[in-house]
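File shown: structure29.cif (mmCIF, C-alpha atoms).
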```
data_data
#
loop_
_atom_site.group_PDB
_atom_site.id
_atom_site.type_symbol
_atom_site.label_atom_id
_atom_site.label_comp_id
_atom_site.auth_asym_id
_atom_site.auth_seq_id
_atom_site.Cartn_x
_atom_site.Cartn_y
_atom_site.Cartn_z
ATOM 1 C CA MET U 24 107.623 74.993 157.382
ATOM 2 C CA ALA U 25 107.552 78.173 159.372
ATOM 3 C CA ASP U 26 103.795 78.290 159.784
ATOM 4 C CA MET U 27 103.503 74.796 161.142
ATOM 5 C CA GLN U 28 100.755 74.303 163.626
ATOM 6 C CA THR U 29 101.689 73.410 167.156
ATOM 7 C CA VAL U 30 100.800 69.806 167.882
ATOM 8 C CA ILE U 31 101.501 67.563 170.804
ATOM 9 C CA GLY U 32 101.506 64.230 169.005
ATOM 10 C CA VAL U 33 99.804 61.001 169.982
ATOM 11 C CA GLU U 34 102.959 59.452 171.367
ATOM 12 C CA THR U 35 104.173 62.543 173.166
ATOM 13 C CA ARG U 36 103.745 63.677 176.716
ATOM 14 C CA VAL U 37 104.430 67.156 178.047
ATOM 15 C CA SER U 38 104.557 67.766 181.754
ATOM 16 C CA GLY U 39 104.887 71.373 182.753
ATOM 17 C CA GLU U 40 103.611 74.590 181.356
ATOM 18 C CA ILE U 41 102.720 75.504 177.798
ATOM 19 C CA ARG U 42 102.259 79.175 176.987
ATOM 20 C CA GLY U 43 101.883 80.871 173.675
ATOM 21 C CA GLY U 44 100.179 82.995 171.101
ATOM 22 C CA GLU U 45 99.005 80.416 168.618
ATOM 23 C CA ASP U 46 96.673 77.487 168.244
ATOM 24 C CA LEU U 47 97.593 74.279 169.997
ATOM 25 C CA VAL U 48 96.335 70.805 169.209
ATOM 26 C CA VAL U 49 96.877 68.089 171.766
ATOM 27 C CA LYS U 50 96.648 64.532 170.475
ATOM 28 C CA GLY U 51 98.827 63.035 173.175
ATOM 29 C CA ARG U 52 99.102 64.004 176.772
ATOM 30 C CA VAL U 53 99.742 67.221 178.698
ATOM 31 C CA ASP U 54 100.052 67.526 182.467
ATOM 32 C CA GLY U 55 100.420 70.932 184.069
ATOM 33 C CA LYS U 56 99.145 74.173 182.697
ATOM 34 C CA ILE U 57 98.144 75.564 179.325
ATOM 35 C CA GLN U 58 97.868 79.271 178.659
ATOM 36 C CA LEU U 59 97.147 80.505 175.143
ATOM 37 C CA THR U 60 95.819 83.625 173.509
ATOM 38 C CA HIS U 61 94.393 81.371 170.817
ATOM 39 C CA ALA U 62 92.538 78.094 170.565
ATOM 40 C CA LEU U 63 93.233 74.819 172.278
ATOM 41 C CA THR U 64 91.970 71.597 170.746
ATOM 42 C CA VAL U 65 92.026 68.430 172.786
ATOM 43 C CA ASP U 66 91.658 65.695 170.192
ATOM 44 C CA LYS U 67 89.906 62.408 170.617
ATOM 45 C CA GLY U 68 92.158 60.087 172.590
ATOM 46 C CA ALA U 69 94.175 62.913 174.075
ATOM 47 C CA ILE U 70 94.467 63.394 177.817
ATOM 48 C CA VAL U 71 95.009 66.816 179.309
ATOM 49 C CA GLN U 72 95.356 67.192 183.035
ATOM 50 C CA ALA U 73 95.899 70.898 183.359
ATOM 51 C CA ASP U 74 94.447 74.234 184.255
ATOM 52 C CA VAL U 75 93.548 75.811 180.956
ATOM 53 C CA ASP U 76 93.362 79.507 180.124
ATOM 54 C CA VAL U 77 92.658 80.049 176.432
ATOM 55 C CA LYS U 78 90.436 81.941 174.021
ATOM 56 C CA ASN U 79 88.618 79.038 172.425
ATOM 57 C CA LEU U 80 88.547 75.493 173.659
ATOM 58 C CA VAL U 81 87.420 72.454 171.715
ATOM 59 C CA VAL U 82 87.425 69.125 173.498
ATOM 60 C CA SER U 83 86.962 65.713 171.937
ATOM 61 C CA GLY U 84 89.211 63.877 174.365
ATOM 62 C CA THR U 85 89.691 63.924 178.112
ATOM 63 C CA LEU U 86 90.365 67.085 180.070
ATOM 64 C CA VAL U 87 90.752 67.344 183.829
ATOM 65 C CA GLY U 88 91.348 70.788 185.261
ATOM 66 C CA ASN U 89 89.841 74.197 185.599
ATOM 67 C CA ILE U 90 88.964 75.909 182.382
ATOM 68 C CA VAL U 91 88.822 79.570 181.530
ATOM 69 C CA ALA U 92 88.000 80.339 177.911
ATOM 70 C CA SER U 93 87.539 84.000 177.088
ATOM 71 C CA GLU U 94 85.467 83.270 174.014
ATOM 72 C CA SER U 95 83.977 79.805 173.794
ATOM 73 C CA VAL U 96 84.075 76.202 174.894
ATOM 74 C CA ARG U 97 82.844 73.328 172.787
ATOM 75 C CA LEU U 98 82.555 69.829 174.151
ATOM 76 C CA HIS U 99 82.081 67.220 171.465
ATOM 77 C CA ALA U 100 80.233 63.984 172.017
ATOM 78 C CA SER U 101 83.387 62.060 172.854
ATOM 79 C CA ALA U 102 84.591 64.640 175.381
ATOM 80 C CA ARG U 103 85.115 63.764 179.036
ATOM 81 C CA VAL U 104 85.732 66.823 181.120
ATOM 82 C CA VAL U 105 86.067 67.345 184.854
ATOM 83 C CA GLY U 106 86.646 70.785 186.311
ATOM 84 C CA ASP U 107 85.113 74.198 186.682
ATOM 85 C CA LEU U 108 84.422 75.947 183.449
ATOM 86 C CA ALA U 109 84.172 79.673 182.841
ATOM 87 C CA SER U 110 83.337 81.008 179.407
ATOM 88 C CA PRO U 111 80.714 83.297 177.897
ATOM 89 C CA ARG U 112 79.763 80.671 175.322
ATOM 90 C CA VAL U 113 79.555 77.025 176.200
ATOM 91 C CA MET U 114 78.423 74.363 173.785
ATOM 92 C CA MET U 115 77.977 70.746 174.769
ATOM 93 C CA GLU U 116 77.075 68.040 172.340
ATOM 94 C CA SER U 117 74.840 65.218 173.289
ATOM 95 C CA GLY U 118 77.051 62.472 174.686
ATOM 96 C CA ALA U 119 79.671 64.734 176.188
ATOM 97 C CA ALA U 120 80.518 63.832 179.779
ATOM 98 C CA TYR U 121 81.107 66.765 182.055
ATOM 99 C CA ARG U 122 81.344 67.290 185.770
ATOM 100 C CA GLY U 123 81.989 70.637 187.387
ATOM 101 C CA ARG U 124 80.605 74.089 187.626
ATOM 102 C CA VAL U 125 79.829 76.256 184.657
ATOM 103 C CA ASP U 126 80.049 80.020 184.886
ATOM 104 C CA MET U 127 79.026 81.960 181.796
ATOM 105 C CA GLY U 128 79.245 85.283 183.609
ATOM 106 C CA ASP U 129 82.273 86.566 185.443
ATOM 107 C CA ILE U 130 85.250 85.327 183.474
ATOM 108 C CA GLU U 131 87.751 87.555 185.241
ATOM 109 C CA ALA U 132 86.767 86.288 188.673
ATOM 110 C CA ALA U 133 87.092 82.727 187.488
ATOM 111 C CA ARG U 134 90.421 83.463 185.906
ATOM 112 C CA ALA U 135 91.617 85.010 189.160
ATOM 113 C CA ALA U 136 90.438 81.989 191.067
ATOM 114 C CA VAL U 137 92.454 79.733 188.827
ATOM 115 C CA ALA U 138 95.453 82.059 188.971
ATOM 116 C CA SER U 139 95.430 82.306 192.747
ATOM 117 C CA ARG U 140 95.758 78.554 192.915
ATOM 118 C CA ALA U 141 98.945 78.677 190.922
ATOM 119 C CA VAL U 142 101.703 79.995 193.175
ATOM 120 C CA ALA U 143 103.746 80.849 190.131
ATOM 121 C CA ARG U 144 101.822 84.045 189.469
ATOM 122 C CA PRO U 145 101.503 85.998 192.710
ATOM 123 C CA ALA U 146 100.708 89.243 190.916
ATOM 124 C CA ALA U 147 97.522 87.856 189.466
ATOM 125 C CA SER U 148 95.612 87.638 192.732
ATOM 126 C CA SER U 149 96.206 91.254 193.746
ATOM 127 C CA LEU U 150 95.063 92.349 190.330
ATOM 128 C CA ALA U 151 91.969 90.274 190.771
ATOM 129 C CA THR U 152 91.302 91.824 194.164
ATOM 130 C CA ALA U 153 91.181 95.252 192.602
ATOM 131 C CA ARG U 154 88.811 94.092 189.948
ATOM 132 C CA GLU U 155 86.592 92.237 192.340
ATOM 133 C CA ARG U 156 86.020 95.052 194.792
ATOM 134 C CA PRO U 157 83.054 96.869 193.221
ATOM 135 C CA ALA U 158 81.285 93.634 192.476
ATOM 136 C CA PRO U 159 79.217 91.923 195.151
ATOM 137 C CA PRO U 160 80.813 88.899 196.776
ATOM 138 C CA ARG U 161 80.865 86.234 194.167
ATOM 139 C CA MET U 162 79.012 83.613 196.095
ATOM 140 C CA GLY U 163 76.532 86.058 197.691
ATOM 141 C CA ALA U 164 74.061 85.498 194.955
ATOM 142 C CA PRO U 165 75.121 82.225 193.430
ATOM 143 C CA PRO U 166 75.814 82.859 189.779
ATOM 144 C CA ARG U 167 74.210 80.856 187.096
ATOM 145 C CA THR U 168 75.423 77.607 188.432
ATOM 146 C CA VAL U 169 74.914 74.619 186.247
ATOM 147 C CA VAL U 170 75.889 71.421 187.899
ATOM 148 C CA VAL U 171 75.751 68.739 185.321
ATOM 149 C CA ALA U 172 76.750 65.862 187.528
ATOM 150 C CA THR U 173 73.722 65.743 189.761
ATOM 151 C CA LYS U 174 75.125 64.584 193.070
ATOM 152 C CA ALA U 175 77.861 67.185 193.211
ATOM 153 C CA ALA U 176 75.617 70.139 194.018
ATOM 154 C CA PRO U 177 75.531 70.184 197.841
ATOM 155 C CA ARG U 178 79.277 69.999 198.058
ATOM 156 C CA PHE U 179 79.740 73.271 196.262
ATOM 157 C CA VAL U 180 77.047 75.187 198.093
ATOM 158 C CA ALA U 181 77.603 74.086 201.664
ATOM 159 C CA PRO U 182 80.926 75.723 202.554
ATOM 160 C CA THR U 183 79.916 79.124 201.225
ATOM 161 C CA VAL U 184 77.253 79.855 203.828
ATOM 162 C CA GLY U 185 79.487 80.324 206.862
ATOM 163 C CA GLU U 186 81.848 82.674 205.127
ATOM 164 C CA ARG U 187 79.422 85.059 203.601
ATOM 165 C CA PRO U 188 79.470 87.797 206.278
ATOM 166 C CA ALA U 189 83.240 87.814 206.197
ATOM 167 C CA ALA U 190 83.163 88.282 202.489
ATOM 168 C CA VAL U 191 81.023 91.377 202.833
ATOM 169 C CA SER U 192 82.881 93.066 205.684
ATOM 170 C CA ALA U 193 86.392 92.311 204.555
ATOM 171 C CA ALA U 194 85.799 93.056 200.922
ATOM 172 C CA PRO U 195 88.787 95.412 200.412
ATOM 173 C CA SER U 196 91.244 92.853 201.706
ATOM 174 C CA ALA U 197 91.648 89.461 200.152
ATOM 175 C CA PRO U 198 88.188 88.261 199.250
ATOM 176 C CA PRO U 199 87.751 84.771 200.587
ATOM 177 C CA ALA U 200 86.120 83.735 197.358
ATOM 178 C CA PHE U 201 89.332 82.361 195.897
ATOM 179 C CA PRO U 202 90.486 79.987 198.582
ATOM 180 C CA ARG U 203 86.977 78.735 198.925
ATOM 181 C CA VAL U 204 86.666 78.097 195.252
ATOM 182 C CA ALA U 205 90.048 76.464 195.288
ATOM 183 C CA GLY U 206 89.009 74.238 198.138
ATOM 184 C CA ALA U 207 85.872 73.163 196.420
ATOM 185 C CA VAL U 208 87.763 72.387 193.292
ATOM 186 C CA GLY U 209 90.587 70.485 194.906
ATOM 187 C CA GLY U 210 88.666 67.419 195.840
ATOM 188 C CA MET U 211 86.567 67.454 192.784
ATOM 189 C CA ALA U 212 88.170 65.119 190.331
ATOM 190 C CA PRO U 213 86.249 61.928 190.874
ATOM 191 C CA ALA U 214 87.894 58.579 191.165
ATOM 192 C CA TRP U 215 86.782 57.443 187.754
ATOM 193 C CA ALA U 216 88.557 60.280 186.059
ATOM 194 C CA LYS U 217 91.811 59.735 187.911
ATOM 195 C CA LYS U 218 91.706 56.029 187.274
ATOM 196 C CA LYS U 219 91.041 56.564 183.631
ATOM 197 C CA VAL U 220 94.016 58.837 183.322
ATOM 198 C CA ARG U 221 96.338 56.575 185.231
ATOM 199 C CA ARG U 222 95.462 53.526 183.240
ATOM 200 C CA ARG U 223 96.865 54.887 179.995
ATOM 201 C CA MET C 16 91.141 53.528 160.432
ATOM 202 C CA ALA C 17 94.629 52.116 160.241
ATOM 203 C CA LYS C 18 95.461 54.661 157.623
ATOM 204 C CA GLU C 19 94.111 57.449 159.754
ATOM 205 C CA LYS C 20 96.273 56.370 162.627
ATOM 206 C CA GLU C 21 99.279 56.370 160.375
ATOM 207 C CA THR C 22 98.706 59.914 159.192
ATOM 208 C CA LYS C 23 98.181 60.939 162.780
ATOM 209 C CA SER C 24 101.533 59.640 163.902
ATOM 210 C CA MET C 25 103.099 61.178 160.815
ATOM 211 C CA ALA C 26 101.794 64.519 162.040
ATOM 212 C CA ASN C 27 104.088 64.052 165.078
ATOM 213 C CA THR C 28 104.812 66.838 167.521
ATOM 214 C CA VAL C 29 105.454 70.466 166.692
ATOM 215 C CA ILE C 30 106.131 73.296 169.102
ATOM 216 C CA GLY C 31 105.232 76.455 167.180
ATOM 217 C CA SER C 32 107.266 79.632 167.086
ATOM 218 C CA SER C 33 105.206 81.557 169.631
ATOM 219 C CA ILE C 34 104.887 78.664 172.062
ATOM 220 C CA VAL C 35 106.858 78.348 175.267
ATOM 221 C CA VAL C 36 107.019 74.972 176.965
ATOM 222 C CA ASP C 37 108.343 74.974 180.478
ATOM 223 C CA GLY C 38 108.807 71.419 181.639
ATOM 224 C CA GLU C 39 109.338 68.063 180.126
ATOM 225 C CA ILE C 40 108.581 66.679 176.697
ATOM 226 C CA THR C 41 108.807 62.935 176.362
ATOM 227 C CA GLY C 42 107.606 60.711 173.586
ATOM 228 C CA GLU C 43 108.031 58.123 170.911
ATOM 229 C CA GLU C 44 107.712 60.267 167.835
ATOM 230 C CA PRO C 45 109.556 62.963 165.921
ATOM 231 C CA LEU C 46 109.643 66.374 167.546
ATOM 232 C CA THR C 47 110.066 69.693 165.774
ATOM 233 C CA ILE C 48 110.696 72.843 167.765
ATOM 234 C CA LEU C 49 110.216 76.327 166.352
ATOM 235 C CA GLY C 50 109.499 78.012 169.665
ATOM 236 C CA THR C 51 111.014 77.800 173.123
ATOM 237 C CA VAL C 52 111.446 74.755 175.313
ATOM 238 C CA LYS C 53 112.935 74.807 178.781
ATOM 239 C CA GLY C 54 113.430 71.696 180.840
ATOM 240 C CA ARG C 55 113.987 68.289 179.331
ATOM 241 C CA ILE C 56 113.342 66.649 175.994
ATOM 242 C CA ALA C 57 113.442 62.915 175.456
ATOM 243 C CA THR C 58 112.105 61.134 172.410
ATOM 244 C CA ALA C 59 112.791 57.802 170.764
ATOM 245 C CA GLN C 60 112.809 59.531 167.383
ATOM 246 C CA SER C 61 114.312 62.642 165.859
ATOM 247 C CA VAL C 62 114.497 66.067 167.442
ATOM 248 C CA VAL C 63 114.706 69.045 165.095
ATOM 249 C CA VAL C 64 115.414 72.483 166.512
ATOM 250 C CA GLU C 65 114.581 74.883 163.722
ATOM 251 C CA ALA C 66 116.170 78.255 163.082
ATOM 252 C CA GLY C 67 114.743 80.824 165.473
ATOM 253 C CA ALA C 68 113.955 78.241 168.104
ATOM 254 C CA THR C 69 115.456 78.333 171.588
ATOM 255 C CA VAL C 70 115.998 75.230 173.647
ATOM 256 C CA GLU C 71 117.282 75.335 177.182
ATOM 257 C CA ALA C 72 117.076 71.693 177.972
ATOM 258 C CA ASP C 73 118.850 68.395 178.077
ATOM 259 C CA VAL C 74 117.958 66.637 174.871
ATOM 260 C CA GLU C 75 117.824 62.953 174.154
ATOM 261 C CA GLY C 76 116.873 61.510 170.791
ATOM 262 C CA GLN C 77 117.700 59.171 167.961
ATOM 263 C CA THR C 78 118.935 62.007 165.784
ATOM 264 C CA VAL C 79 119.222 65.609 166.851
ATOM 265 C CA THR C 80 119.335 68.315 164.196
ATOM 266 C CA LEU C 81 120.056 71.824 165.331
ATOM 267 C CA SER C 82 119.512 75.004 163.333
ATOM 268 C CA GLY C 83 118.567 77.256 166.225
ATOM 269 C CA LYS C 84 119.959 77.842 169.695
ATOM 270 C CA LEU C 85 120.440 75.103 172.228
ATOM 271 C CA THR C 86 121.765 75.262 175.769
ATOM 272 C CA GLY C 87 122.073 71.919 177.476
ATOM 273 C CA ASN C 88 123.489 68.469 177.080
ATOM 274 C CA VAL C 89 122.588 66.501 174.001
ATOM 275 C CA THR C 90 122.604 62.741 173.686
ATOM 276 C CA ALA C 91 121.847 61.379 170.242
ATOM 277 C CA ARG C 92 121.774 57.622 169.809
ATOM 278 C CA GLU C 93 122.558 57.925 166.129
ATOM 279 C CA LYS C 94 123.613 61.373 165.007
ATOM 280 C CA LEU C 95 123.911 64.977 166.075
ATOM 281 C CA GLU C 96 123.966 67.585 163.373
ATOM 282 C CA LEU C 97 124.758 71.247 163.881
ATOM 283 C CA ARG C 98 123.627 73.163 160.846
ATOM 284 C CA PRO C 99 125.093 76.502 159.771
ATOM 285 C CA GLU C 100 123.937 79.381 162.007
ATOM 286 C CA SER C 101 123.196 77.006 164.865
ATOM 287 C CA LYS C 102 124.467 77.747 168.347
ATOM 288 C CA MET C 103 125.021 75.170 170.991
ATOM 289 C CA VAL C 104 126.419 75.339 174.507
ATOM 290 C CA GLY C 105 126.674 72.044 176.353
ATOM 291 C CA ASN C 106 128.039 68.567 176.064
ATOM 292 C CA ALA C 107 127.401 66.522 172.974
ATOM 293 C CA LYS C 108 127.291 62.745 173.030
ATOM 294 C CA ALA C 109 126.640 60.827 169.828
ATOM 295 C CA PRO C 110 128.382 58.215 167.679
ATOM 296 C CA ARG C 111 128.279 60.600 164.720
ATOM 297 C CA ILE C 112 128.464 64.349 164.979
ATOM 298 C CA VAL C 113 128.322 66.790 162.085
ATOM 299 C CA PHE C 114 129.422 70.391 162.467
ATOM 300 C CA ALA C 115 128.483 72.481 159.482
ATOM 301 C CA ASP C 116 130.512 75.515 158.512
ATOM 302 C CA GLY C 117 129.184 78.435 160.543
ATOM 303 C CA ALA C 118 127.901 76.418 163.484
ATOM 304 C CA THR C 119 128.901 77.622 166.944
ATOM 305 C CA PHE C 120 129.618 75.122 169.661
ATOM 306 C CA LYS C 121 131.013 75.192 173.154
ATOM 307 C CA GLY C 122 131.286 72.087 175.277
ATOM 308 C CA ASN C 123 132.571 68.561 175.340
ATOM 309 C CA VAL C 124 132.221 66.091 172.549
ATOM 310 C CA ASP C 125 131.882 62.411 173.310
ATOM 311 C CA MET C 126 131.730 60.010 170.393
ATOM 312 C CA ASP C 127 132.338 56.966 172.533
ATOM 313 C CA VAL C 128 135.780 56.230 171.094
#
```
If you took the structure in this file and wrote it as structure tokens, what would it be?
Amino acid sequence: MADMQTVIGVETRVSGEIRGGEDLVVKGRVDGKIQLTHALTVDKGAIVQADVDVKNLVVSGTLVGNIVASESVRLHASARVVGDLASPRVMMESGAAYRGRVDMGDIEAARAAVASRAVARPAASSLATARERPAPPRMGAPPRTVVVATKAAPRFVAPTVGERPAAVSAAPSAPPAFPRVAGAVGGMAPAWAKKKVRRR
Amino acid sequence: MAKEKETKSMANTVIGSSIVVDGEITGEEPLTILGTVKGRIATAQSVVVEAGATVEADVEGQTVTLSGKLTGNVTAREKLELRPESKMVGNAKAPRIVFADGATFKGNVDMDV
């Protein structure tokens, strides 16, 4: 009984934040935020609308939100995912639907970008600033950017150009990378994804 | 397929011991809590708060069984049971309420009489 696995059942909905140090399986619905030091599994039929910060992520259902996975991400064929994805190892099965930006490099920067969007953790962004400093501005040389949904590309690239000099000169202060990333992400969830979620 | 669905719903919802949920849990299936939940819980089925679990939430369920710590108002449509070692602070509303020897409770009791 004591070593029961954490499950959000098919008929259950959680809105808010889930944190923890164990595996989590979502079969139902979660809206908000998920932060785990272990694995998150989004089962087939499950809907997760949340920023996700975990070690391993396995998706067979629907996930809308920014993803940071410190170890790996696996999207199964039935997965539908919208949101930026940062993880050193990303696996996508044939048939998986994904839209967003993939970053297999700088996990910490991506994590900071996600954290800075959440007002709940003000400490996170200053920590990120310190880490970011020695590195060149994130967008200066666009990282390995994989845009799976073809038409989305110009939207991500365009706003970065104007701000680049500022990023270089004002590096010690708040790097503008975060708000810009946040802005790009905000309008990203396409109508089909929202509709899909609402319909259930 | 039908059988698979049945086993799925039997697997219901579990909040593990190292999990913290901050927000709202609503649903139509049994809920077992071993970790921490803050906010609100509402399910059409049973709610079990295991020993070691902490709940700071208003709880609504068919039956509510408490072995851990609960702070908040509880409404059980059928039965509220406070097991030994359980601690509850808040108002209890249920047609049947069981206090086991050793349970700690502070609050109002409403059995609709």
*Which is closest to chain U among C:Thr28, C:Thr47, C:Gln60, C:Thr78, if we use all atoms listed in the file?*
C:Thr28
*asked:* Evaluate the PyMOL selection byres ((chain U) within 12 of (chain C)) against this structure - the residues, as a PyMOL selection string, please.
replied: chain U and resi 24-61+66-68
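Look at everything within 10 Å of (129.6, 73.6, 162.8) using all atoms listed in the file, and the residues you get are Glu96, Leu97, Arg98, Pro99, Glu100, Ser101, Lys102, Met103, Ile112, Val113, Phe114, Ala115, Asp116, Gly117, Ala118, Thr119 and Phe120 of chain C.
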*Contacts of Arg112 of chain U within 12 Å, all atoms listed in the file, excl. fewer than 2 positions in-chain, as a list in words*: Lys78, Asn79, Leu80, Val81, Val91, Ala92, Ser93, Glu94, Ser95, Val96, Arg97, Leu98, Leu108, Ala109, Ser110, Met114, Met115, Val125, Asp126, Met127, Gly128, Asp129 and Ile130 of chain U
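A straight line drawn from atom CA of Glu75 of chain C to atom CA of Pro110 of chain C is 13.3 Å long.
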*Would you work out the distance separating atom CA of Ala69 of chain U from atom CA of Thr85 of chain U, expressed in Å to one decimal?*
6.1 Å
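Take atom CA of Asp127 of chain C and atom CA of Glu93 of chain C: the distance between them is 11.7 Å.
For the residues C:Lys121, C:Ala91, C:Asp73, C:Gly83, ranking by smallest atom-to-atom distance to Ser61 of chain C using all atoms listed in the file places C:Ala91 first.
Using only C-alpha atoms, the smallest distance between any of C:Val124, C:Val104, C:Val74, C:Ala68 and Val89 of chain C comes from C:Val74.
Taking all atoms listed in the file into account, Ala119 of chain U lies nearest to U:Val105 out of the set U:Ala62, U:Val75, U:Ile90, U:Val105.
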